[in-house]
Amino acid sequence: MPVCRSKLPPTCDDDAMPESAMTDEEFKKRLNRLRVSLLLVWLSVTFCVAYFARDLSVVIFDRPLGFWMAAQGSVLVFLAIVWTYALTVNHWEKQTLAAHAQTTLEE
């Protein structure tokens with residue numbers, strides 16, 4: 001007997017996978033896309049901000065804005081990248097485990 005934990009009306013059949021379940025292939029595909037996109041963000045923050053930092057002429061606390069962006073801003077972006085990666089991959093791993101549990105129950 002399949003168990004539906006959806007908030008939608010109970011219209012599950014035996015072969016249906018829950019909406020949130022994800023296969024291994026789909027997980028790997030999404031993980032690679034996430035890695036590439038976050039690496040592109042990392043590259044753009046690291047090199048573009050450092051390259052164009054001299055052009056920013058705003059002064060904050062006796063230092064140019066480019067200094068603050070290159071020194072502290074990039075570190076905050078790196079922390080946001082790590083945080084985004086960790087939360088997203090944890091969510092996807094739970095979905096993959098749900099798919100494995102569903103296929104195990106069906107067998």
# chains A, B, ... in the order shown; residues from 1 in each chain; ligands from 1
$ residues_around --residues "His100 (chain A)" --least-positions-apart "4" --cutoff "9 Å" --atoms "only C-alpha atoms" --output "JSON, numbers by chain"
{"A": [21, 22, 23, 24, 95, 96, 104, 105]}
$ residues_around --residues "Leu38 (chain A)" --least-positions-apart "6" --cutoff "9 Å" --atoms "only C-alpha atoms" --output "MDAnalysis selection string"
chainID A and resid 81:82 84:85
$ write_last_selection --atoms "N, CA and C atoms" --output "mmCIF file, in the first residue's frame"
data_model
loop_
_atom_site.group_PDB
_atom_site.id
_atom_site.type_symbol
_atom_site.label_atom_id
_atom_site.label_comp_id
_atom_site.auth_asym_id
_atom_site.auth_seq_id
_atom_site.Cartn_x
_atom_site.Cartn_y
_atom_site.Cartn_z
ATOM 1 N N ILE A 81 28.237 31.433 -0.842
ATOM 2 C CA ILE A 81 28.345 30.322 -1.790
ATOM 3 C C ILE A 81 28.371 28.993 -1.044
ATOM 4 N N VAL A 82 29.177 28.905 -0.001
ATOM 5 C CA VAL A 82 29.270 27.666 0.773
ATOM 6 C C VAL A 82 27.934 27.348 1.436
ATOM 7 N N THR A 84 24.908 28.314 0.493
ATOM 8 C CA THR A 84 23.954 27.923 -0.548
ATOM 9 C C THR A 84 24.199 26.488 -0.998
ATOM 10 N N TYR A 85 25.449 26.134 -1.204
ATOM 11 C CA TYR A 85 25.786 24.781 -1.638
ATOM 12 C C TYR A 85 25.360 23.756 -0.590
#
$ select_by_dssp --residues "region 29-84 of chain A" --states "strand (DSSP E or B)" --output "PyMOL selection string"
chain A and resi 59-60+63-64
$ write_last_selection --atoms "N, CA and C atoms" --output "compact mmCIF listing (two decimals), in the first residue's frame"
# COMPACT_ATOMS: atom_id res chain seq x y z
N VAL A 59 34.66 56.68 -1.25
CA VAL A 59 35.52 56.47 -0.08
C VAL A 59 34.64 56.21 1.14
N ILE A 60 34.94 55.11 1.85
CA ILE A 60 34.23 54.74 3.07
C ILE A 60 35.27 54.49 4.15
N ARG A 63 38.96 54.62 3.23
CA ARG A 63 39.41 53.62 2.26
C ARG A 63 38.47 53.64 1.06
N PRO A 64 38.99 53.39 -0.12
CA PRO A 64 38.12 53.34 -1.30
C PRO A 64 37.17 52.14 -1.25
$ closest_residue --among "A:Tyr51, A:Phe27, A:Trp42, A:Trp92" --to "Ala70 (chain A)" --atoms "only C-alpha atoms"
A:Tyr51
$ residues_around --residues "Val45 (chain A)" --least-positions-apart "3" --cutoff "12 Å" --atoms "only C-alpha atoms" --output "PyMOL selection string"
chain A and resi 38-42+48-53+69-78+80-81
$ write_last_selection --atoms "N, CA and C atoms" --output "PDB file, in the first residue's frame"
ATOM      1  N   LEU A  38      28.056  27.965  -9.214  1.00  0.00           N
ATOM      2  CA  LEU A  38      28.706  28.583  -8.057  1.00  0.00           C
ATOM      3  C   LEU A  38      30.173  28.884  -8.329  1.00  0.00           C
ATOM      4  N   LEU A  39      30.834  28.054  -9.123  1.00  0.00           N
ATOM      5  CA  LEU A  39      32.217  28.364  -9.510  1.00  0.00           C
ATOM      6  C   LEU A  39      32.281  29.615 -10.383  1.00  0.00           C
ATOM      7  N   LEU A  40      31.301  29.790 -11.252  1.00  0.00           N
ATOM      8  CA  LEU A  40      31.262  31.008 -12.066  1.00  0.00           C
ATOM      9  C   LEU A  40      31.039  32.243 -11.198  1.00  0.00           C
ATOM     10  N   VAL A  41      30.186  32.131 -10.197  1.00  0.00           N
ATOM     11  CA  VAL A  41      29.995  33.247  -9.258  1.00  0.00           C
ATOM     12  C   VAL A  41      31.300  33.532  -8.535  1.00  0.00           C
ATOM     13  N   TRP A  42      31.978  32.469  -8.076  1.00  0.00           N
ATOM     14  CA  TRP A  42      33.238  32.633  -7.364  1.00  0.00           C
ATOM     15  C   TRP A  42      34.281  33.312  -8.256  1.00  0.00           C
ATOM     16  N   CYS A  48      36.683  39.761 -11.213  1.00  0.00           N
ATOM     17  CA  CYS A  48      36.056  40.994 -11.720  1.00  0.00           C
ATOM     18  C   CYS A  48      36.097  42.117 -10.694  1.00  0.00           C
ATOM     19  N   VAL A  49      35.770  41.798  -9.453  1.00  0.00           N
ATOM     20  CA  VAL A  49      35.796  42.841  -8.424  1.00  0.00           C
ATOM     21  C   VAL A  49      37.220  43.333  -8.209  1.00  0.00           C
ATOM     22  N   ALA A  50      38.174  42.423  -8.153  1.00  0.00           N
ATOM     23  CA  ALA A  50      39.567  42.845  -7.967  1.00  0.00           C
ATOM     24  C   ALA A  50      40.070  43.650  -9.164  1.00  0.00           C
ATOM     25  N   TYR A  51      39.633  43.286 -10.359  1.00  0.00           N
ATOM     26  CA  TYR A  51      40.083  43.985 -11.564  1.00  0.00           C
ATOM     27  C   TYR A  51      39.498  45.393 -11.653  1.00  0.00           C
ATOM     28  N   PHE A  52      38.216  45.537 -11.333  1.00  0.00           N
ATOM     29  CA  PHE A  52      37.556  46.831 -11.456  1.00  0.00           C
ATOM     30  C   PHE A  52      37.556  47.629 -10.148  1.00  0.00           C
ATOM     31  N   ALA A  53      38.248  47.171  -9.130  1.00  0.00           N
ATOM     32  CA  ALA A  53      38.233  47.840  -7.827  1.00  0.00           C
ATOM     33  C   ALA A  53      38.813  49.252  -7.900  1.00  0.00           C
ATOM     34  N   MET A  69      35.289  46.112  -1.078  1.00  0.00           N
ATOM     35  CA  MET A  69      34.689  45.042  -1.877  1.00  0.00           C
ATOM     36  C   MET A  69      35.676  43.894  -2.080  1.00  0.00           C
ATOM     37  N   ALA A  70      36.908  44.215  -2.347  1.00  0.00           N
ATOM     38  CA  ALA A  70      37.912  43.176  -2.582  1.00  0.00           C
ATOM     39  C   ALA A  70      38.289  42.457  -1.294  1.00  0.00           C
ATOM     40  N   ALA A  71      38.342  43.179  -0.182  1.00  0.00           N
ATOM     41  CA  ALA A  71      38.789  42.578   1.072  1.00  0.00           C
ATOM     42  C   ALA A  71      37.662  41.856   1.813  1.00  0.00           C
ATOM     43  N   GLN A  72      36.577  42.564   2.117  1.00  0.00           N
ATOM     44  CA  GLN A  72      35.519  41.972   2.926  1.00  0.00           C
ATOM     45  C   GLN A  72      34.343  41.453   2.093  1.00  0.00           C
ATOM     46  N   GLY A  73      34.007  42.120   1.030  1.00  0.00           N
ATOM     47  CA  GLY A  73      32.856  41.722   0.238  1.00  0.00           C
ATOM     48  C   GLY A  73      33.009  40.354  -0.395  1.00  0.00           C
ATOM     49  N   SER A  74      34.197  40.062  -0.881  1.00  0.00           N
ATOM     50  CA  SER A  74      34.409  38.756  -1.507  1.00  0.00           C
ATOM     51  C   SER A  74      34.340  37.628  -0.478  1.00  0.00           C
ATOM     52  N   VAL A  75      34.810  37.877   0.730  1.00  0.00           N
ATOM     53  CA  VAL A  75      34.728  36.855   1.780  1.00  0.00           C
ATOM     54  C   VAL A  75      33.272  36.560   2.113  1.00  0.00           C
ATOM     55  N   LEU A  76      32.443  37.584   2.186  1.00  0.00           N
ATOM     56  CA  LEU A  76      31.020  37.376   2.466  1.00  0.00           C
ATOM     57  C   LEU A  76      30.346  36.616   1.325  1.00  0.00           C
ATOM     58  N   VAL A  77      30.735  36.899   0.104  1.00  0.00           N
ATOM     59  CA  VAL A  77      30.175  36.162  -1.026  1.00  0.00           C
ATOM     60  C   VAL A  77      30.621  34.704  -0.987  1.00  0.00           C
ATOM     61  N   PHE A  78      31.868  34.450  -0.627  1.00  0.00           N
ATOM     62  CA  PHE A  78      32.341  33.071  -0.517  1.00  0.00           C
ATOM     63  C   PHE A  78      31.559  32.316   0.558  1.00  0.00           C
ATOM     64  N   ALA A  80      28.504  32.952   1.486  1.00  0.00           N
ATOM     65  CA  ALA A  80      27.165  32.740   0.927  1.00  0.00           C
ATOM     66  C   ALA A  80      27.167  31.583  -0.075  1.00  0.00           C
ATOM     67  N   ILE A  81      28.237  31.433  -0.842  1.00  0.00           N
ATOM     68  CA  ILE A  81      28.345  30.322  -1.790  1.00  0.00           C
ATOM     69  C   ILE A  81      28.371  28.993  -1.044  1.00  0.00           C
TER      70      ILE A  81
END
